[in-house]
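For reference, the structure discussed in these notes is given below.
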Amino acid sequence: MKSLHVLFKPKHSPAKISSPATDRRIPAETHFISLIHASGDIATLRRVHAHVLRRGLLSSRIVSQLISCSSLLRSPEYSISIFRHFDDKNLFVFNALIRGLSENSRYECSVRHFILMLRLGVRPDRLTFPFVLRSNANLGFLRLGLALHGAMMKNGVDFDSFVRVSLVDMYVKIEKLGLALKVFDQSPNRIKNGNVLIWNVLINGYCQAGDLQKAVILFESMPERNLVSWRTLIKGYMGSGESVRARELFEQMPEKDVVSWTTLINGFSQNGDHDIAISMFFRMLDEDINPNEYTIAAVLSACSKAGALGSGGRIHGYLSNNGFKLDGAIGTALVDMYAKCGEVDTAGRVFGDMKHKDIRSWTAMIQGWAIHGRFEESIQCFRKMMYSGEKPDEVLFLAVLTACLNSGEVDLGLNFFHSMRLDYSIEPMMKHYLVVIDMLGRAGELNKALKFIKNMPIDPDFKIWATLYRACRAHKNVKMAEMVYQNLLELDPKHPGSCIFLCNVYAAEGKWQEVERTRTLMEKTVRETYQEGSYTELDGLVHKFSAGDYSHKLAKEIHLKLEEIVFLARQKGYSPGTGWSVHNIEEEEKESVTGSHSEKLALAFGLIRTDPGMAIRIVKNFRICGDCHSLMKYASKISQRDIIVRDARQFHRFKDGICSCRDYW
Ligand code: ZN
Ligand code: ZN
C-alpha cells in the first residue's frame, strides 16, 4: 500500500497523486478506503475526502467509511455534513451515522436520524438497533424505548441475540427492570452456552437497583459464567457497602485477572477500607498479576486517602522499576498521593518530570500546593498552566479558590471567582460559592458574606448557611447567628446540625428530657449516615480508627494512653472543649457526638507504637474539630514530637504546641 505522503505531496508533483489509477492492481475505491482508515486526524481525513470528490468516486461504501472515521476522530459534525451532502442515503450510510452519533454521545441526534431512516423507507437491520437502543438508554425515554422494541419486532430482528442484549441493557438503564426481565425470560437462547452477555447485563441491572438478592439468584442459575459475571456481582456487593461478601466472592473466583483485582481494590477504597485496598494491591503483586493504569490509579488514590506515604512510596518504586511511564493518569495519581501524604515538594518534583500534563495533572498540583498553604506556588502553577495553553475548568478553579482561602487572599479569591464566569464562561457551582463564603467569613467580612449569599443565583444549601454560621460564631456576631439558625432549621430539621441547635433551645428552656431524646436520635443518624475515620500508617500497614472505636486489638492500651494524654494536657491548661460539641454544626464535625474522635485514637496509637521523636502522621476524612486541634497542640509539646494531621481540607503540622495553620481553619 502506498503511504499517505504520496497523496499529500505539494502541488508541484501532481504525477504521484494519481498513483492508484496508474497502479492498476488496486481499485481506486479500495485505495481510498485504506487512506480513510489511515487518517489520524480530521484535517487529513478532509483532504482524502476532497480527493475522493475531485475524482468523482463518492460511493455509499466510501461515504459510510468517511462517516465512521470522522466519528472515531470525534467529529460528529463532520459526519453529519458528509451524510447531508450524499443523496443515496441507504442502510450502510445510516448505520454508520447512527452508530457514530451514539458513540459520540449525540444520543438525540442519533435517534432523530433513526426516525429519518424509517421515514425514508430504509429498513433497519441488526446492526442499526444496538446503537439506537444505546442512545435511548442514555436518553432514558420509556415511550421511545417501547417504540424501538416494536420496530425491532416489525423488522424481524427481535430474536437476534446481539440485538436482544442491547434491548435488555436499554430497559436496565432506563430502570425498567420488569421489562428487562420479561425480554430476558422470552429469550430462547439464554440457556445455551456462550450466551453469558444477556445474563451479565441483567445481573448488572439488579446490582445497580440495589436488589442483590435477585442478582445472586440469577448468578447462581447461570448455565455458564465468565469473568465479567463475577466482576459484576463483586462490584454490586461493593456498591451496596457489603465488602465482606464481595471479598468472599472474589476468593471463590476460579481465575482472577487484573480487572477483577482492580474492581476489588477500587471497591474497598470506595467503602473507606483504604487499608485493605492497599494490602490487596500488594497481595496481587505477590501473586504475579501485573497491574494496569486503573489498578495503579485506584491504589494510589487509596494511599492518598489514608495518608499512607510508606505504601505510596513503595508503589512509586515499583512503577519506576517496572517500566511504567510516570505520565498521564499515573503521574497525576502520584502527584496527588505525595501532596495528600504531606510531601508536596516530592509531588512538585514528580509533576515537573511529567512530559504530558493534562487539566487533571495541573489541578492535582495546584490543589496540592493549596492544601499546604503554599499560595505562591499554587498561583505560579496556575500561571504556567495558562501559558501552556490549557483551558481551566470548574475543578481547577475550585483548587485555585482553595489556595486563596487557605492563605486568606480574599481580594484575589474574589477576582478569580468573578473571572470564572466573565472570562471563561464557567458557571460557578455550589462548591465555589461555599469557598467564597468561607473566605469572607474567615476574614470577618460577615455582612459581605451575607450579601453574597443573598445574591446567589442558586438557592444556598445547608452547607452554605452552616459556613456562615461558623463565621458568626468565630466573630461573635450573635444577631446574625440567630438569623442563620432559622435558615438552617428550615432547610433540614433532621440534620445533626439542626439537632444541636434544637438541643440548645431545649437546654435553655430546661427541657432536659427533650434534650436527651433529640441527642439519641442525632447519634443514631450520624452513626448510620457518616463513616468518620482516621488512618495512620505503621511499618507499611495502614491502621484505621473510627470514633469511639474499641475494635482495634490494642484498644485497651490506646484508650489508656488517650486518658494519659488528656490528663497531662489538662495540667498544662487544656480543657476538653464541651463548648465545641454543643455548638458543632458543620457537616464535617458532626461525628463529635459519637464519643472519642478517631484522630485522638490514632494519636494515642502512634504514641504507643512509634519510637520517641518520630513524627506521627494522621489522616482524617472529615475536618478536625476545635477540641482535637487543641489537644494535638498540647500533645505535640508534651511528647516533643511533630504531629501531622491532614483533614478534609488542609494540613495541620503541630510542633511544640503550635499548629502551622496558626489556628486559622
Ligand atoms: Zn475532634
Ligand atoms: Zn491547625
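Residue numbering restarts at 1 in every chain; chains get A, B, ... in the order shown in the C-alpha cells, and ligands count up from 1 in that same order.
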Which chain A residues have any atom within 6 Å of an atom of ligand 1, and for each, what is the nearest pair of atoms with distance in Å to one decimal, counting only C-alpha atoms and all ligand atoms, rows sorted by chain and number, as CSV?
```
residue,atom,partner,partner_atom_place_in_ligand_line,distance
A:His597,CA,ligand 1,1 (Zn),5.0
A:Ile624,CA,ligand 1,1 (Zn),5.4
A:Cys625,CA,ligand 1,1 (Zn),4.1
A:Asp627,CA,ligand 1,1 (Zn),5.4
A:Cys628,CA,ligand 1,1 (Zn),4.1
```
Near ligand 2, 6 Å: chain A residue rows, closest pairs, only C-alpha atoms and all ligand atoms, as a tab-separated table:
```
residue	atom	partner	partner_atom_place_in_ligand_line	distance
A:His652	CA	ligand 2	1 (Zn)	4.2
A:Cys659	CA	ligand 2	1 (Zn)	4.7
A:Ser660	CA	ligand 2	1 (Zn)	5.8
A:Cys661	CA	ligand 2	1 (Zn)	4.3
A:Asp663	CA	ligand 2	1 (Zn)	5.1
```
Counting only C-alpha atoms, the option among A:Cys472, A:Leu309, A:Val259, A:Ile608 closest to Lys556 (chain A) | A:Ile608
What is the CA of Gln640 (chain A)-CA of Ser551 (chain A) distance in Å, reported with one decimal?
->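 CA of Ser551 (chain A) lies 28.5 Å from CA of Gln640 (chain A).
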Quick one: DSSP helix (DSSP H, G or I) residues in region 225-444 of chain A, as a PyMOL selection string?
-> chain A and resi 227-239+243-252+258-270+274-286+293-306+309-321+328-340+344-353+359-371+375-388+394-406+410-424+430-442
Considering only C-alpha atoms, return as an NGL selection string whatever protein or nucleic-acid residues lie within 10 Å of region 67-69 of chain A, sequence-local ones (same chain, fewer than 2 positions apart) excluded.
-> :A and (36-42 or 45 or 62-65 or 71-83 or 93-101)
Write to file, as a PDB file, in the first residue's frame, the residues of the selection just made, with C-alpha atoms.
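Generated file (out-v4.pdb):
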```
ATOM      1  CA  ILE A  36      -9.526   6.931   5.043  1.00  0.00           C
ATOM      2  CA  HIS A  37      -8.624   4.318   7.639  1.00  0.00           C
ATOM      3  CA  ALA A  38      -5.080   5.636   7.858  1.00  0.00           C
ATOM      4  CA  SER A  39      -6.216   9.218   8.568  1.00  0.00           C
ATOM      5  CA  GLY A  40      -5.041  10.043  12.053  1.00  0.00           C
ATOM      6  CA  ASP A  41      -6.705  13.452  12.296  1.00  0.00           C
ATOM      7  CA  ILE A  42      -9.633  15.296  10.862  1.00  0.00           C
ATOM      8  CA  LEU A  45      -9.500  12.996   6.502  1.00  0.00           C
ATOM      9  CA  ILE A  62     -16.749   5.308   0.787  1.00  0.00           C
ATOM     10  CA  VAL A  63     -19.289   7.603   2.432  1.00  0.00           C
ATOM     11  CA  SER A  64     -20.028   5.149   5.239  1.00  0.00           C
ATOM     12  CA  GLN A  65     -16.279   4.746   5.823  1.00  0.00           C
ATOM     13  CA  SER A  71     -16.887   9.694  14.225  1.00  0.00           C
ATOM     14  CA  LEU A  72     -13.847   7.860  15.501  1.00  0.00           C
ATOM     15  CA  LEU A  73     -11.934  11.130  15.296  1.00  0.00           C
ATOM     16  CA  ARG A  74     -14.639  12.680  17.488  1.00  0.00           C
ATOM     17  CA  SER A  75     -16.093  14.955  14.794  1.00  0.00           C
ATOM     18  CA  PRO A  76     -19.783  14.092  14.681  1.00  0.00           C
ATOM     19  CA  GLU A  77     -20.498  17.452  12.988  1.00  0.00           C
ATOM     20  CA  TYR A  78     -18.355  16.452  10.063  1.00  0.00           C
ATOM     21  CA  SER A  79     -20.092  13.059   9.892  1.00  0.00           C
ATOM     22  CA  ILE A  80     -23.451  14.797   9.668  1.00  0.00           C
ATOM     23  CA  SER A  81     -22.301  17.128   6.921  1.00  0.00           C
ATOM     24  CA  ILE A  82     -20.910  14.229   4.860  1.00  0.00           C
ATOM     25  CA  PHE A  83     -24.231  12.465   5.311  1.00  0.00           C
ATOM     26  CA  VAL A  93     -24.738   5.130   5.423  1.00  0.00           C
ATOM     27  CA  PHE A  94     -27.477   5.336   8.056  1.00  0.00           C
ATOM     28  CA  ASN A  95     -25.890   2.615  10.178  1.00  0.00           C
ATOM     29  CA  ALA A  96     -22.532   4.369  10.142  1.00  0.00           C
ATOM     30  CA  LEU A  97     -24.095   7.682  11.140  1.00  0.00           C
ATOM     31  CA  ILE A  98     -26.402   6.341  13.877  1.00  0.00           C
ATOM     32  CA  ARG A  99     -23.544   4.396  15.401  1.00  0.00           C
ATOM     33  CA  GLY A 100     -21.106   7.314  15.168  1.00  0.00           C
ATOM     34  CA  LEU A 101     -23.539   9.748  16.767  1.00  0.00           C
TER      35      LEU A 101
END
```
For Glu394 (chain A), work out the shell of residues within 12 Å, counting only C-alpha atoms and skipping chain neighbours fewer than 2 positions away, then give it as a PyMOL selection string.
-> chain A and resi 359-360+363+391-392+396-401+416-417+419-421+424-433
Suppose we keep N, CA and C atoms; can you now write the selection as an mmCIF file, in the first residue's frame?
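Generated output (result16.cif):
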```cif
data_model
loop_
_atom_site.group_PDB
_atom_site.id
_atom_site.type_symbol
_atom_site.label_atom_id
_atom_site.label_comp_id
_atom_site.auth_asym_id
_atom_site.auth_seq_id
_atom_site.Cartn_x
_atom_site.Cartn_y
_atom_site.Cartn_z
ATOM 1 N N ILE A 359 -5.351 18.675 32.144
ATOM 2 C CA ILE A 359 -6.011 19.557 33.103
ATOM 3 C C ILE A 359 -6.060 18.916 34.495
ATOM 4 N N ARG A 360 -6.184 17.575 34.528
ATOM 5 C CA ARG A 360 -6.236 16.899 35.832
ATOM 6 C C ARG A 360 -4.906 16.965 36.556
ATOM 7 N N THR A 363 -4.546 20.412 37.956
ATOM 8 C CA THR A 363 -5.444 20.592 39.095
ATOM 9 C C THR A 363 -4.872 19.914 40.344
ATOM 10 N N LYS A 391 -6.909 24.996 29.056
ATOM 11 C CA LYS A 391 -8.046 25.821 29.482
ATOM 12 C C LYS A 391 -8.524 25.389 30.858
ATOM 13 N N PRO A 392 -8.673 26.313 31.802
ATOM 14 C CA PRO A 392 -9.131 25.904 33.139
ATOM 15 C C PRO A 392 -10.587 25.447 33.113
ATOM 16 N N LEU A 396 -10.575 23.012 38.393
ATOM 17 C CA LEU A 396 -9.337 23.754 38.557
ATOM 18 C C LEU A 396 -9.584 25.045 39.329
ATOM 19 N N PHE A 397 -10.684 25.710 39.010
ATOM 20 C CA PHE A 397 -10.990 26.941 39.743
ATOM 21 C C PHE A 397 -11.230 26.671 41.221
ATOM 22 N N LEU A 398 -11.792 25.517 41.503
ATOM 23 C CA LEU A 398 -12.020 25.167 42.894
ATOM 24 C C LEU A 398 -10.671 25.078 43.628
ATOM 25 N N ALA A 399 -9.685 24.486 42.956
ATOM 26 C CA ALA A 399 -8.348 24.378 43.555
ATOM 27 C C ALA A 399 -7.741 25.759 43.773
ATOM 28 N N VAL A 400 -7.888 26.637 42.780
ATOM 29 C CA VAL A 400 -7.319 27.976 42.895
ATOM 30 C C VAL A 400 -8.007 28.748 44.034
ATOM 31 N N LEU A 401 -9.325 28.609 44.104
ATOM 32 C CA LEU A 401 -10.062 29.298 45.175
ATOM 33 C C LEU A 401 -9.639 28.756 46.547
ATOM 34 N N PHE A 416 -10.709 35.788 41.112
ATOM 35 C CA PHE A 416 -10.760 34.501 40.410
ATOM 36 C C PHE A 416 -12.203 34.055 40.241
ATOM 37 N N PHE A 417 -12.969 34.216 41.308
ATOM 38 C CA PHE A 417 -14.361 33.788 41.268
ATOM 39 C C PHE A 417 -15.122 34.502 40.144
ATOM 40 N N SER A 419 -13.860 35.979 37.587
ATOM 41 C CA SER A 419 -13.245 35.677 36.299
ATOM 42 C C SER A 419 -13.800 34.388 35.689
ATOM 43 N N MET A 420 -14.229 33.457 36.561
ATOM 44 C CA MET A 420 -14.789 32.198 36.056
ATOM 45 C C MET A 420 -15.872 32.445 35.027
ATOM 46 N N ARG A 421 -16.854 33.260 35.435
ATOM 47 C CA ARG A 421 -17.993 33.491 34.551
ATOM 48 C C ARG A 421 -17.631 34.471 33.435
ATOM 49 N N TYR A 424 -14.211 32.933 31.364
ATOM 50 C CA TYR A 424 -14.181 31.548 30.884
ATOM 51 C C TYR A 424 -15.569 30.936 30.705
ATOM 52 N N SER A 425 -16.597 31.745 30.917
ATOM 53 C CA SER A 425 -17.986 31.269 30.781
ATOM 54 C C SER A 425 -18.234 29.977 31.560
ATOM 55 N N ILE A 426 -17.637 29.881 32.752
ATOM 56 C CA ILE A 426 -17.911 28.713 33.594
ATOM 57 C C ILE A 426 -18.857 29.175 34.690
ATOM 58 N N GLU A 427 -20.013 28.541 34.751
ATOM 59 C CA GLU A 427 -20.989 28.936 35.761
ATOM 60 C C GLU A 427 -20.562 28.365 37.121
ATOM 61 N N PRO A 428 -20.334 29.228 38.128
ATOM 62 C CA PRO A 428 -19.907 28.718 39.436
ATOM 63 C C PRO A 428 -20.963 27.790 40.028
ATOM 64 N N MET A 429 -20.495 26.742 40.729
ATOM 65 C CA MET A 429 -21.413 25.791 41.344
ATOM 66 C C MET A 429 -21.418 26.020 42.856
ATOM 67 N N MET A 430 -22.258 25.250 43.540
ATOM 68 C CA MET A 430 -22.391 25.409 44.989
ATOM 69 C C MET A 430 -21.027 25.374 45.686
ATOM 70 N N LYS A 431 -20.156 24.453 45.226
ATOM 71 C CA LYS A 431 -18.838 24.297 45.858
ATOM 72 C C LYS A 431 -18.033 25.586 45.793
ATOM 73 N N HIS A 432 -18.125 26.291 44.655
ATOM 74 C CA HIS A 432 -17.365 27.536 44.515
ATOM 75 C C HIS A 432 -17.914 28.600 45.451
ATOM 76 N N TYR A 433 -19.244 28.683 45.511
ATOM 77 C CA TYR A 433 -19.849 29.663 46.412
ATOM 78 C C TYR A 433 -19.418 29.390 47.850
#
```
For region 128-130 of chain A, work out the shell of residues within 6 Å, counting only C-alpha atoms and skipping chain neighbours fewer than 4 positions away, then give it as JSON, numbers by chain.
-> {"A": [95, 124, 163, 166]}
Which of these residues is nearest to Val122 (chain A), using only C-alpha atoms: A:Leu142, A:Met483, A:Asp88, A:Cys404?
-> A:Asp88
